[in-house]
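Down below is the structure, laid out as structure tokens.
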Amino acid sequence: MTGHVPGRALPRLEPVGRRRPDPAALVLVAHGGRAGSRESGERRRLTYWRMLPFAKDLRRAGPELGVFMLRYRHRGWNGADRDAQRDVEAMLGELRRRHPGVPIVLLGHSMGGRAVLRAAGADGVVAVCALAPWLDGSDPVAQLAGRSVLIAHGDRDRWTDPRQSLAYAVRAKAVTDRVARFEVLGDGHSMLRRSGDWASLVRRFVLGEIEIEPPDPDITNAMRRPAPAGLTTVLTGAVR
């Protein structure tokens, strides 16, 4: 699904699984990228394939969901252009046009995590999940008001800074009380060593927020705890 603006390539939504004409909720998945790059957002990029299993897992767990992978115009964030954020916002508009009134959950990794956090204030968004988000202290939090927020970060991440996501979560807690942050011990940026635990956490958050399943008690308890105690919860190894 693409649009057309003269002289500009637009982002694309790729449905995961069979399309549903009447989804109960929508999930937009944004993969990672680079700080700066004008290269195209091709599917052959490892960052795209890293998030595809999360999208497929959500589609299997919630067949009533409409799950979409986002293809960027450019591979990079590109400074003040914030290309990934702009692409997320553009495709949110397309989802709202096609499915008016249907709640939307945003899921992103690394650069995609930054993009979905920044785009969370768009109409229709009810929750946002950022995995190992790339943050630098300059990212706003006001747009998170009224949203549920889940952040997860591996303690061995050397590409994005877990300390920055903690600081962001602390600031976000002043805007919305529905914020939880989990530390994934022993894992890094690629989320490979404990892939099942990452996927389980995302699944429980998404399905709970859109009421396909009851709210997850571990996530709920983390959200209820005051900052920073509820923002340094250790993700256990029990995959559900």
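Naming works like this for the structure tokens: A, B, ... for the chains as they're shown, residue 1 at the start of each chain, ligands 1 onward in shown order.
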
As a VMD selection string, please: every residue in segment 11-229 of chain A that a backbone DSSP assignment puts in alpha helix (DSSP H). chain A and resid 46 to 61 83 to 98 111 to 118 162 to 173 195 to 209 217 to 224

Report as JSON lines: every residue of segment 71-147 of chain A with an atom at most 12 Å from segment 30-51 of chain A, its closest pair of atoms, and their distance in Å to one decimal, counting only C-alpha atoms, with rows sorted by chain and ascending residue number.
{"residue": "A:Arg71", "atom": "CA", "partner": "A:Gly41", "partner_atom": "CA", "distance": 6.0}
{"residue": "A:Tyr72", "atom": "CA", "partner": "A:Gly41", "partner_atom": "CA", "distance": 4.9}
{"residue": "A:Arg73", "atom": "CA", "partner": "A:Gly41", "partner_atom": "CA", "distance": 5.6}
{"residue": "A:His74", "atom": "CA", "partner": "A:Ser40", "partner_atom": "CA", "distance": 4.6}
{"residue": "A:Arg75", "atom": "CA", "partner": "A:Gly41", "partner_atom": "CA", "distance": 4.8}
{"residue": "A:Gly76", "atom": "CA", "partner": "A:Ser37", "partner_atom": "CA", "distance": 4.2}
{"residue": "A:Trp77", "atom": "CA", "partner": "A:Ala35", "partner_atom": "CA", "distance": 5.1}
{"residue": "A:Asn78", "atom": "CA", "partner": "A:Gly36", "partner_atom": "CA", "distance": 4.5}
{"residue": "A:Gly79", "atom": "CA", "partner": "A:Gly36", "partner_atom": "CA", "distance": 7.1}
{"residue": "A:Ala80", "atom": "CA", "partner": "A:Gly36", "partner_atom": "CA", "distance": 10.6}
{"residue": "A:Asp81", "atom": "CA", "partner": "A:Gly36", "partner_atom": "CA", "distance": 10.1}
{"residue": "A:Arg82", "atom": "CA", "partner": "A:Ala35", "partner_atom": "CA", "distance": 9.6}
{"residue": "A:Asp83", "atom": "CA", "partner": "A:Arg38", "partner_atom": "CA", "distance": 9.5}
{"residue": "A:Ala84", "atom": "CA", "partner": "A:Ala30", "partner_atom": "CA", "distance": 8.4}
{"residue": "A:Gln85", "atom": "CA", "partner": "A:Ala30", "partner_atom": "CA", "distance": 9.6}
{"residue": "A:Arg86", "atom": "CA", "partner": "A:Ala30", "partner_atom": "CA", "distance": 11.8}
{"residue": "A:Asp87", "atom": "CA", "partner": "A:Ala30", "partner_atom": "CA", "distance": 9.4}
{"residue": "A:Val88", "atom": "CA", "partner": "A:Ala30", "partner_atom": "CA", "distance": 7.5}
{"residue": "A:Glu89", "atom": "CA", "partner": "A:Ala30", "partner_atom": "CA", "distance": 11.2}
{"residue": "A:Met91", "atom": "CA", "partner": "A:Ala30", "partner_atom": "CA", "distance": 10.6}
{"residue": "A:Leu92", "atom": "CA", "partner": "A:Ala30", "partner_atom": "CA", "distance": 11.5}
{"residue": "A:Val105", "atom": "CA", "partner": "A:Ala30", "partner_atom": "CA", "distance": 11.2}
{"residue": "A:Leu106", "atom": "CA", "partner": "A:Ala30", "partner_atom": "CA", "distance": 7.8}
{"residue": "A:Leu107", "atom": "CA", "partner": "A:Ala30", "partner_atom": "CA", "distance": 6.2}
{"residue": "A:Gly108", "atom": "CA", "partner": "A:Ala30", "partner_atom": "CA", "distance": 4.5}
{"residue": "A:His109", "atom": "CA", "partner": "A:His31", "partner_atom": "CA", "distance": 5.3}
{"residue": "A:Ser110", "atom": "CA", "partner": "A:Gly32", "partner_atom": "CA", "distance": 4.9}
{"residue": "A:Met111", "atom": "CA", "partner": "A:Gly32", "partner_atom": "CA", "distance": 4.6}
{"residue": "A:Gly112", "atom": "CA", "partner": "A:Ala30", "partner_atom": "CA", "distance": 4.7}
{"residue": "A:Gly113", "atom": "CA", "partner": "A:Ala30", "partner_atom": "CA", "distance": 7.2}
{"residue": "A:Arg114", "atom": "CA", "partner": "A:Gly32", "partner_atom": "CA", "distance": 9.1}
{"residue": "A:Ala115", "atom": "CA", "partner": "A:Ala30", "partner_atom": "CA", "distance": 7.8}
{"residue": "A:Val116", "atom": "CA", "partner": "A:Ala30", "partner_atom": "CA", "distance": 7.3}
{"residue": "A:Leu117", "atom": "CA", "partner": "A:Ala30", "partner_atom": "CA", "distance": 10.8}
{"residue": "A:Ala119", "atom": "CA", "partner": "A:Ala30", "partner_atom": "CA", "distance": 11.3}
{"residue": "A:Val128", "atom": "CA", "partner": "A:Ala30", "partner_atom": "CA", "distance": 11.1}
{"residue": "A:Cys129", "atom": "CA", "partner": "A:Ala30", "partner_atom": "CA", "distance": 10.3}
{"residue": "A:Ala130", "atom": "CA", "partner": "A:Ala30", "partner_atom": "CA", "distance": 9.5}
{"residue": "A:Leu131", "atom": "CA", "partner": "A:His31", "partner_atom": "CA", "distance": 9.8}
{"residue": "A:Ala132", "atom": "CA", "partner": "A:Gly32", "partner_atom": "CA", "distance": 9.7}
{"residue": "A:Pro133", "atom": "CA", "partner": "A:Gly32", "partner_atom": "CA", "distance": 8.9}
{"residue": "A:Trp134", "atom": "CA", "partner": "A:Gly32", "partner_atom": "CA", "distance": 9.0}
{"residue": "A:Leu135", "atom": "CA", "partner": "A:Ala35", "partner_atom": "CA", "distance": 10.9}
{"residue": "A:Asp136", "atom": "CA", "partner": "A:Ala35", "partner_atom": "CA", "distance": 11.5}

Within 12 Å of Trp198 of chain A, counting only C-alpha atoms, which residues qualify if same-chain residues fewer than 3 places away don't, as a PyMOL selection string? chain A and resi 50-51+53-54+57+109+129-132+150-154+182-185+187-195+201-205+234-240

Restrict the selected residues to N, CA and C atoms and save them as a short mmCIF file (atom, residue, chain, number, x, y, z; two decimals), in the first residue's frame.
data_model
loop_
_atom_site.label_atom_id
_atom_site.label_comp_id
_atom_site.auth_asym_id
_atom_site.auth_seq_id
_atom_site.Cartn_x
_atom_site.Cartn_y
_atom_site.Cartn_z
N ARG A 50 14.41 -8.48 11.81
CA ARG A 50 14.47 -8.64 13.26
C ARG A 50 13.10 -8.45 13.90
N MET A 51 12.28 -7.59 13.31
CA MET A 51 10.97 -7.31 13.90
C MET A 51 9.84 -8.14 13.31
N PRO A 53 9.38 -11.41 13.21
CA PRO A 53 8.87 -12.45 14.12
C PRO A 53 7.92 -11.90 15.18
N PHE A 54 8.17 -10.68 15.67
CA PHE A 54 7.26 -10.07 16.64
C PHE A 54 5.89 -9.84 16.00
N ASP A 57 4.14 -13.19 15.52
CA ASP A 57 3.69 -13.74 16.80
C ASP A 57 2.40 -13.06 17.26
N HIS A 109 11.49 -0.90 17.45
CA HIS A 109 12.80 -1.29 17.98
C HIS A 109 13.85 -0.28 17.57
N CYS A 129 4.87 0.51 22.55
CA CYS A 129 5.88 -0.39 23.09
C CYS A 129 7.20 -0.14 22.37
N ALA A 130 8.24 0.23 23.11
CA ALA A 130 9.54 0.54 22.53
C ALA A 130 10.58 -0.44 23.07
N LEU A 131 11.23 -1.16 22.16
CA LEU A 131 12.25 -2.14 22.51
C LEU A 131 13.63 -1.56 22.21
N ALA A 132 14.48 -1.51 23.23
CA ALA A 132 15.84 -0.96 23.08
C ALA A 132 15.81 0.36 22.30
N LEU A 150 5.19 0.85 27.34
CA LEU A 150 6.08 -0.22 27.78
C LEU A 150 7.42 -0.05 27.09
N ILE A 151 8.47 -0.01 27.89
CA ILE A 151 9.84 0.07 27.36
C ILE A 151 10.61 -1.13 27.90
N ALA A 152 11.37 -1.79 27.04
CA ALA A 152 12.23 -2.89 27.46
C ALA A 152 13.62 -2.68 26.88
N HIS A 153 14.65 -2.97 27.69
CA HIS A 153 16.02 -2.71 27.25
C HIS A 153 16.94 -3.79 27.81
N GLY A 154 17.78 -4.36 26.97
CA GLY A 154 18.76 -5.32 27.44
C GLY A 154 19.88 -4.65 28.19
N PHE A 182 11.14 -2.58 31.57
CA PHE A 182 11.73 -3.85 31.97
C PHE A 182 13.17 -3.93 31.51
N GLU A 183 14.03 -4.46 32.37
CA GLU A 183 15.40 -4.75 32.01
C GLU A 183 15.52 -6.22 31.66
N VAL A 184 16.08 -6.49 30.49
CA VAL A 184 16.25 -7.86 30.02
C VAL A 184 17.70 -8.25 30.28
N LEU A 185 17.91 -8.96 31.36
CA LEU A 185 19.27 -9.29 31.78
C LEU A 185 19.92 -10.29 30.83
N ASP A 187 20.97 -9.81 27.76
CA ASP A 187 20.73 -9.67 26.33
C ASP A 187 21.17 -8.30 25.85
N GLY A 188 21.42 -8.24 24.52
CA GLY A 188 21.89 -7.01 23.92
C GLY A 188 20.88 -6.43 22.95
N HIS A 189 21.39 -5.65 22.01
CA HIS A 189 20.52 -4.87 21.14
C HIS A 189 19.73 -5.75 20.17
N SER A 190 20.29 -6.85 19.77
CA SER A 190 19.64 -7.68 18.75
C SER A 190 18.51 -8.54 19.30
N MET A 191 18.40 -8.63 20.62
CA MET A 191 17.30 -9.36 21.28
C MET A 191 17.29 -10.85 20.91
N LEU A 192 18.46 -11.44 20.74
CA LEU A 192 18.55 -12.82 20.26
C LEU A 192 18.66 -13.85 21.38
N ARG A 193 19.39 -13.52 22.44
CA ARG A 193 19.63 -14.52 23.49
C ARG A 193 18.36 -14.90 24.22
N ARG A 194 17.47 -13.95 24.39
CA ARG A 194 16.22 -14.21 25.11
C ARG A 194 15.03 -13.80 24.24
N SER A 195 15.08 -14.20 23.01
CA SER A 195 14.06 -13.78 22.05
C SER A 195 12.65 -14.16 22.49
N LEU A 201 6.78 -10.71 26.40
CA LEU A 201 6.48 -9.43 27.03
C LEU A 201 5.64 -8.55 26.09
N VAL A 202 6.05 -8.49 24.83
CA VAL A 202 5.31 -7.69 23.85
C VAL A 202 3.90 -8.22 23.69
N ARG A 203 3.78 -9.52 23.57
CA ARG A 203 2.47 -10.14 23.35
C ARG A 203 1.53 -9.85 24.51
N ARG A 204 2.03 -10.02 25.74
CA ARG A 204 1.19 -9.80 26.92
C ARG A 204 0.76 -8.35 27.04
N PHE A 205 1.67 -7.44 26.70
CA PHE A 205 1.34 -6.02 26.76
C PHE A 205 0.28 -5.66 25.72
N VAL A 234 12.99 -6.25 36.44
CA VAL A 234 13.77 -7.25 35.71
C VAL A 234 12.83 -8.24 35.06
N LEU A 235 13.01 -8.45 33.76
CA LEU A 235 12.20 -9.42 33.04
C LEU A 235 12.67 -10.83 33.41
N THR A 236 11.77 -11.62 33.97
CA THR A 236 12.12 -12.98 34.35
C THR A 236 12.22 -13.85 33.11
N GLY A 237 12.74 -15.06 33.30
CA GLY A 237 12.94 -15.97 32.18
C GLY A 237 11.76 -16.85 31.90
N ALA A 238 10.65 -16.64 32.54
CA ALA A 238 9.48 -17.49 32.34
C ALA A 238 8.70 -17.03 31.13
N VAL A 239 8.81 -17.77 30.05
CA VAL A 239 8.10 -17.44 28.82
C VAL A 239 6.67 -17.94 28.92
N ARG A 240 5.72 -17.07 28.58
CA ARG A 240 4.30 -17.45 28.66
C ARG A 240 3.70 -17.49 27.27
#

Enumerate, as a count of residues only, the complete set of residues in segment 60-113 of chain A that a backbone-based DSSP assignment places in strand (DSSP E). 13

Sort by chain and increasing residue number a table of all residues of segment 69-143 of chain A within 12 Å of segment 58-65 of chain A, each with its closest pair of atoms and their distance in Å to one decimal, counting only C-alpha atoms, and write it as CSV.
residue,atom,partner,partner_atom,distance
A:Met69,CA,A:Arg59,CA,11.4
A:His99,CA,A:Leu65,CA,11.9
A:Val102,CA,A:Leu65,CA,10.3
A:Pro103,CA,A:Leu65,CA,10.2
A:Ile104,CA,A:Leu65,CA,9.9
A:Val105,CA,A:Leu65,CA,10.3
A:Leu107,CA,A:Leu58,CA,10.8
